[in-house]
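Novice: Structure incoming, see below.
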Amino acid sequence: MDFLRPASWEEALAAKAEHPTAVPIAGGTDVMVEINFDHRRPEYLLDLNRIGDLYEWETGEDSVRLGASVPYTKIMDHLRAELPGLALASHTVASPQIRNRGGVGGNLGTASPAGDAHPALLAAGAEVEAESVRGSRRIPIDDFYTGVKRNALAPDELIRAVHIKKADGPQQYSKVGTRNAMVIAVCAFGLALHPESRTVRTGIGSAAPTPVRARAAEDFLNAALEEGGFWDNGKIITPSVAKRFADLCAAACNPIDDVRGTASYRRHAVGVMARRTLTWTWESYRGTAARSEGVA
């Protein structure tokens, strides 16, 4: 195994173009596990740790450009207001040591359905900035996951950053695991309210071959909220609406039985998380709306 260590982004792109099978490594929290257990033996490792701009972020008027290697701890400490769903997801990642090393780019590159960041990125409506010597492009998160641990990157492309819309409403994230830390998700669920567009987006992890959205559930809830005037009147969402939303989220899953949980349990758990996160986010939205009107 050869070790490539570029000193700049341009050198990294050149190395990836010359060696398309080279596996990028930054935090190494996924790659090193596979190598240590001899599940993977790449011909080349492409070390990105010396490329400083991968560890930087920029907060714009409407979105955050998050470098691929920004550690989860930085997201938790500095971007909680702009990216609340991703910050909550970051709290669930492994241990403090791994949160100090791992970043969203690694989750995206691995494209595991159990990656903790994926549900939050789907719910927020992110875009992946991919680059090669041929140029740069932005891939909508909905088009990024193409199969089990497969993504839309070309062989010569690297992830440079992720563009994530700043939250315009409450966001939530929930994860089921066998313990609180150092655990792969049995299943996970992300939910984001977008009051500006009067829409809701979801993200489901570890309950299908790829991270997915519950689109039928979103369509149902968007229609129910609009028809009931909920965005304007701030009423409590009725139990029947919450239950139907939860059922549709569970139906969006296509899980498997494995050592971490059964398919039926995963479907049930996603439904429970969907109902709970909807309750939490809507209560937060109602509270914010009331305060803005001077009621609370």
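Note on naming: chains are A, B, ... as they come in the structure tokens, residues start from 1 per chain, ligands start from 1 in the order shown.
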Could you pull out all residues of stretch 115-275 of chain A with a DSSP call of alpha helix (DSSP H) and give them as a PyMOL selection string?
Specialist: chain A and resi 118-124+215-227+230-233+239-251+263-275
Novice: As an MDAnalysis selection string, please: all residues of stretch 38-129 of chain A that backbone DSSP puts in strand (DSSP E or B).
Specialist: chainID A and resid 44:47 57:59 63:67 71 103 127:129
Novice: Take the residues from that selection and put them in a file with N, CA, C and O atoms, as a PDB file, in the first residue's frame.
Specialist:
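Final file, again35.pdb:
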```pdb
ATOM      1  N   TYR A  44      -3.542   2.580  -2.947  1.00  0.00           N
ATOM      2  CA  TYR A  44      -3.039   3.887  -2.538  1.00  0.00           C
ATOM      3  C   TYR A  44      -3.969   4.486  -1.480  1.00  0.00           C
ATOM      4  O   TYR A  44      -5.198   4.375  -1.577  1.00  0.00           O
ATOM      5  N   LEU A  45      -3.372   5.142  -0.481  1.00  0.00           N
ATOM      6  CA  LEU A  45      -4.098   6.003   0.449  1.00  0.00           C
ATOM      7  C   LEU A  45      -3.712   7.439   0.141  1.00  0.00           C
ATOM      8  O   LEU A  45      -2.524   7.760   0.010  1.00  0.00           O
ATOM      9  N   LEU A  46      -4.730   8.302   0.039  1.00  0.00           N
ATOM     10  CA  LEU A  46      -4.505   9.705  -0.281  1.00  0.00           C
ATOM     11  C   LEU A  46      -4.768  10.534   0.972  1.00  0.00           C
ATOM     12  O   LEU A  46      -5.912  10.793   1.337  1.00  0.00           O
ATOM     13  N   ASP A  47      -3.693  10.941   1.649  1.00  0.00           N
ATOM     14  CA  ASP A  47      -3.782  11.669   2.914  1.00  0.00           C
ATOM     15  C   ASP A  47      -4.106  13.138   2.647  1.00  0.00           C
ATOM     16  O   ASP A  47      -3.337  13.852   1.998  1.00  0.00           O
ATOM     17  N   TRP A  57     -14.804  26.766   7.401  1.00  0.00           N
ATOM     18  CA  TRP A  57     -16.191  26.943   6.996  1.00  0.00           C
ATOM     19  C   TRP A  57     -16.478  28.418   6.796  1.00  0.00           C
ATOM     20  O   TRP A  57     -15.808  29.288   7.352  1.00  0.00           O
ATOM     21  N   GLU A  58     -17.478  28.696   5.971  1.00  0.00           N
ATOM     22  CA  GLU A  58     -17.900  30.062   5.695  1.00  0.00           C
ATOM     23  C   GLU A  58     -19.407  30.146   5.886  1.00  0.00           C
ATOM     24  O   GLU A  58     -20.152  29.322   5.351  1.00  0.00           O
ATOM     25  N   THR A  59     -19.845  31.160   6.638  1.00  0.00           N
ATOM     26  CA  THR A  59     -21.270  31.368   6.865  1.00  0.00           C
ATOM     27  C   THR A  59     -21.746  32.515   5.997  1.00  0.00           C
ATOM     28  O   THR A  59     -21.357  33.664   6.208  1.00  0.00           O
ATOM     29  N   SER A  63     -26.623  30.247   3.494  1.00  0.00           N
ATOM     30  CA  SER A  63     -26.108  28.893   3.644  1.00  0.00           C
ATOM     31  C   SER A  63     -24.731  28.900   4.298  1.00  0.00           C
ATOM     32  O   SER A  63     -24.084  29.949   4.438  1.00  0.00           O
ATOM     33  N   VAL A  64     -24.303  27.716   4.676  1.00  0.00           N
ATOM     34  CA  VAL A  64     -22.971  27.503   5.247  1.00  0.00           C
ATOM     35  C   VAL A  64     -22.188  26.616   4.286  1.00  0.00           C
ATOM     36  O   VAL A  64     -22.696  25.573   3.841  1.00  0.00           O
ATOM     37  N   ARG A  65     -20.978  27.047   3.959  1.00  0.00           N
ATOM     38  CA  ARG A  65     -20.074  26.196   3.179  1.00  0.00           C
ATOM     39  C   ARG A  65     -19.141  25.519   4.180  1.00  0.00           C
ATOM     40  O   ARG A  65     -18.280  26.160   4.775  1.00  0.00           O
ATOM     41  N   LEU A  66     -19.339  24.223   4.356  1.00  0.00           N
ATOM     42  CA  LEU A  66     -18.645  23.459   5.385  1.00  0.00           C
ATOM     43  C   LEU A  66     -17.548  22.624   4.735  1.00  0.00           C
ATOM     44  O   LEU A  66     -17.829  21.736   3.925  1.00  0.00           O
ATOM     45  N   GLY A  67     -16.287  22.922   5.075  1.00  0.00           N
ATOM     46  CA  GLY A  67     -15.186  22.134   4.547  1.00  0.00           C
ATOM     47  C   GLY A  67     -15.351  20.665   4.883  1.00  0.00           C
ATOM     48  O   GLY A  67     -15.862  20.306   5.949  1.00  0.00           O
ATOM     49  N   PRO A  71     -14.179  19.149  11.817  1.00  0.00           N
ATOM     50  CA  PRO A  71     -14.552  18.117  12.796  1.00  0.00           C
ATOM     51  C   PRO A  71     -15.954  18.337  13.365  1.00  0.00           C
ATOM     52  O   PRO A  71     -16.450  19.459  13.438  1.00  0.00           O
ATOM     53  N   GLY A 103     -15.175  14.074  10.127  1.00  0.00           N
ATOM     54  CA  GLY A 103     -15.940  15.158   9.539  1.00  0.00           C
ATOM     55  C   GLY A 103     -17.007  14.637   8.597  1.00  0.00           C
ATOM     56  O   GLY A 103     -17.062  13.451   8.260  1.00  0.00           O
ATOM     57  N   GLU A 127     -25.962  20.329  -0.491  1.00  0.00           N
ATOM     58  CA  GLU A 127     -25.329  20.046  -1.769  1.00  0.00           C
ATOM     59  C   GLU A 127     -23.863  19.713  -1.515  1.00  0.00           C
ATOM     60  O   GLU A 127     -23.217  20.363  -0.691  1.00  0.00           O
ATOM     61  N   VAL A 128     -23.350  18.722  -2.229  1.00  0.00           N
ATOM     62  CA  VAL A 128     -21.971  18.279  -2.076  1.00  0.00           C
ATOM     63  C   VAL A 128     -21.127  18.926  -3.165  1.00  0.00           C
ATOM     64  O   VAL A 128     -21.427  18.793  -4.357  1.00  0.00           O
ATOM     65  N   GLU A 129     -20.089  19.634  -2.744  1.00  0.00           N
ATOM     66  CA  GLU A 129     -19.162  20.264  -3.696  1.00  0.00           C
ATOM     67  C   GLU A 129     -18.051  19.271  -4.026  1.00  0.00           C
ATOM     68  O   GLU A 129     -17.216  18.962  -3.182  1.00  0.00           O
TER      69      GLU A 129
END
```
Novice: Got a sec: who's within 7 Å of A:Ile51, counting only C-alpha atoms, leaving out chain neighbours fewer than 4 positions off, as a list in words?
Specialist: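 Selected residues are Ala7, Ser8 and Trp9 of chain A.
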Novice: Please list as a list in words every residue within 12 Å of A:Asp232, counting only C-alpha atoms and excluding residues in the same chain fewer than 2 positions away.
Specialist: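 Contacts, in chain order: Pro195, Glu196, Arg198, Leu225, Glu226, Glu227, Gly228, Gly229, Phe230, Gly234, Lys235, Ile236, Tyr285, Arg286, Ala289, Ala290 and Glu293 of chain A.
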Novice: Rank A:Pro239, A:Gly287, A:Pro211, A:Gly177 by their smallest atom-to-atom distance to A:Tyr145, using only C-alpha atoms, and report the top residue only.
Specialist: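 Counting only C-alpha atoms, the residue closest to A:Tyr145 is A:Pro211.
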Novice: Need to verify the contact set: A:Ile139, 12 Å, only C-alpha atoms, exclusion of same-chain residues closer than 6 positions in sequence. Can you return it as a list in words?
Specialist: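 Close residues of A:Ile139: Leu108, Gly125, Ala126, Glu127, Val128, Glu129, Ala130, Glu131, Tyr145, Asn151, Ala152, Leu153, Ala154, Glu157, Ile159, Arg160, Ala161, Val162, His163 and Ile164 of chain A.
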Novice: Env of A:Lys16: 10 Å cut, atoms = only C-alpha atoms, seq-sep filter 4 positions within chain, self excluded. Answer as an mmCIF file with N, CA and C atoms, in the first residue's frame.
Specialist:
```
data_model
loop_
_atom_site.group_PDB
_atom_site.id
_atom_site.type_symbol
_atom_site.label_atom_id
_atom_site.label_comp_id
_atom_site.auth_asym_id
_atom_site.auth_seq_id
_atom_site.Cartn_x
_atom_site.Cartn_y
_atom_site.Cartn_z
ATOM 1 N N LEU A 4 0.108 8.516 -0.370
ATOM 2 C CA LEU A 4 0.267 9.780 -1.074
ATOM 3 C C LEU A 4 -0.086 10.909 -0.119
ATOM 4 N N GLU A 10 -4.555 21.395 -4.991
ATOM 5 C CA GLU A 10 -4.209 21.141 -6.383
ATOM 6 C C GLU A 10 -3.395 19.852 -6.516
ATOM 7 N N GLU A 11 -2.473 19.638 -5.597
ATOM 8 C CA GLU A 11 -1.695 18.394 -5.616
ATOM 9 C C GLU A 11 -2.587 17.187 -5.345
ATOM 10 N N ALA A 12 -3.568 17.365 -4.471
ATOM 11 C CA ALA A 12 -4.489 16.261 -4.168
ATOM 12 C C ALA A 12 -5.309 15.884 -5.393
ATOM 13 N N PRO A 20 -6.892 7.061 -9.746
ATOM 14 C CA PRO A 20 -8.335 7.157 -9.435
ATOM 15 C C PRO A 20 -8.803 6.197 -8.348
ATOM 16 N N THR A 21 -8.076 5.099 -8.133
ATOM 17 C CA THR A 21 -8.496 4.142 -7.097
ATOM 18 C C THR A 21 -7.983 4.519 -5.706
ATOM 19 N N ALA A 22 -7.205 5.600 -5.614
ATOM 20 C CA ALA A 22 -6.679 6.022 -4.313
ATOM 21 C C ALA A 22 -7.821 6.358 -3.363
ATOM 22 N N VAL A 23 -7.732 5.879 -2.130
ATOM 23 C CA VAL A 23 -8.775 6.106 -1.131
ATOM 24 C C VAL A 23 -8.400 7.317 -0.278
ATOM 25 N N PRO A 24 -9.218 8.374 -0.287
ATOM 26 C CA PRO A 24 -8.906 9.551 0.538
ATOM 27 C C PRO A 24 -9.004 9.209 2.023
ATOM 28 N N TYR A 44 -3.542 2.580 -2.947
ATOM 29 C CA TYR A 44 -3.039 3.887 -2.538
ATOM 30 C C TYR A 44 -3.969 4.486 -1.480
ATOM 31 N N LEU A 46 -4.730 8.302 0.039
ATOM 32 C CA LEU A 46 -4.505 9.705 -0.281
ATOM 33 C C LEU A 46 -4.768 10.534 0.972
ATOM 34 N N SER A 132 -12.501 17.916 -9.370
ATOM 35 C CA SER A 132 -11.432 17.142 -9.987
ATOM 36 C C SER A 132 -10.603 18.109 -10.822
ATOM 37 N N VAL A 133 -9.586 17.585 -11.492
ATOM 38 C CA VAL A 133 -8.788 18.448 -12.377
ATOM 39 C C VAL A 133 -9.633 18.956 -13.535
ATOM 40 N N PRO A 155 -14.588 8.727 -10.457
ATOM 41 C CA PRO A 155 -13.355 8.160 -9.891
ATOM 42 C C PRO A 155 -12.266 9.182 -9.594
ATOM 43 N N ASP A 156 -12.237 10.289 -10.340
ATOM 44 C CA ASP A 156 -11.171 11.276 -10.135
ATOM 45 C C ASP A 156 -11.606 12.451 -9.267
ATOM 46 N N GLU A 157 -12.797 12.372 -8.659
ATOM 47 C CA GLU A 157 -13.313 13.495 -7.877
ATOM 48 C C GLU A 157 -13.055 13.318 -6.383
ATOM 49 N N LEU A 158 -12.916 14.456 -5.717
ATOM 50 C CA LEU A 158 -12.820 14.516 -4.257
ATOM 51 C C LEU A 158 -13.882 15.472 -3.730
#
```
Novice: What's the 12 Å shell around A:Gly147, counting only C-alpha atoms, without same-chain residues fewer than 2 positions away, as number ranges by chain?
Specialist: A: 110-113, 143-145, 149-152, 208-212
Novice: Write out, as a Markdown table, each residue of stretch 199-219 of chain A that has an atom at most 9 Å from stretch 259-282 of chain A, together with the closest pair of atoms and their distance in Å to one decimal, counting only C-alpha atoms, rows going by chain and rising number.
Specialist:
```
| residue | atom | partner | partner_atom | distance |
| --- | --- | --- | --- | --- |
| A:Thr202 | CA | A:Ala274 | CA | 8.7 |
| A:Ile204 | CA | A:Val270 | CA | 7.7 |
| A:Ser206 | CA | A:Arg266 | CA | 8.3 |
| A:Ala207 | CA | A:Arg266 | CA | 6.3 |
```
Novice: When distances are computed from only C-alpha atoms, which of A:Asn107, A:Ala214, A:Ala188, A:Ala87 shows the smallest separation from A:Val31?
Specialist: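 With only C-alpha atoms as the atom set, the closest residue is A:Asn107.
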Novice: For a quick check of understanding, using only C-alpha atoms, which of A:Ala250, A:Asn180, A:Gly115, A:Cys187 has the smallest distance to A:Thr29?
Specialist: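 Checking each of A:Ala250, A:Asn180, A:Gly115, A:Cys187 against A:Thr29, counting only C-alpha atoms, the winner is A:Gly115.
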Novice: Between atom CA of A:Arg137 and atom CA of A:Gly28, what distance in Å does the model show, to one decimal?
Specialist: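 One can read the atom CA of A:Arg137 to atom CA of A:Gly28 distance as 24.7 Å.
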Novice: Choose the residue, out of A:Ala14, A:Arg80, A:Asp38, A:Ala26, that has the smallest atom-to-atom separation from A:Arg50; count only C-alpha atoms.
Specialist: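 With only C-alpha atoms as the atom set, the closest residue is A:Ala26.
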Novice: To one decimal place, how far is atom CA of A:Ala17 from atom CA of A:Ala68 in Å?
Specialist: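 It comes out at 18.8 Å.
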Novice: Take atom CA of A:Cys253 and atom CA of A:Gly109 and report the distance between them in Å, one decimal.
Specialist: 22.3 Å
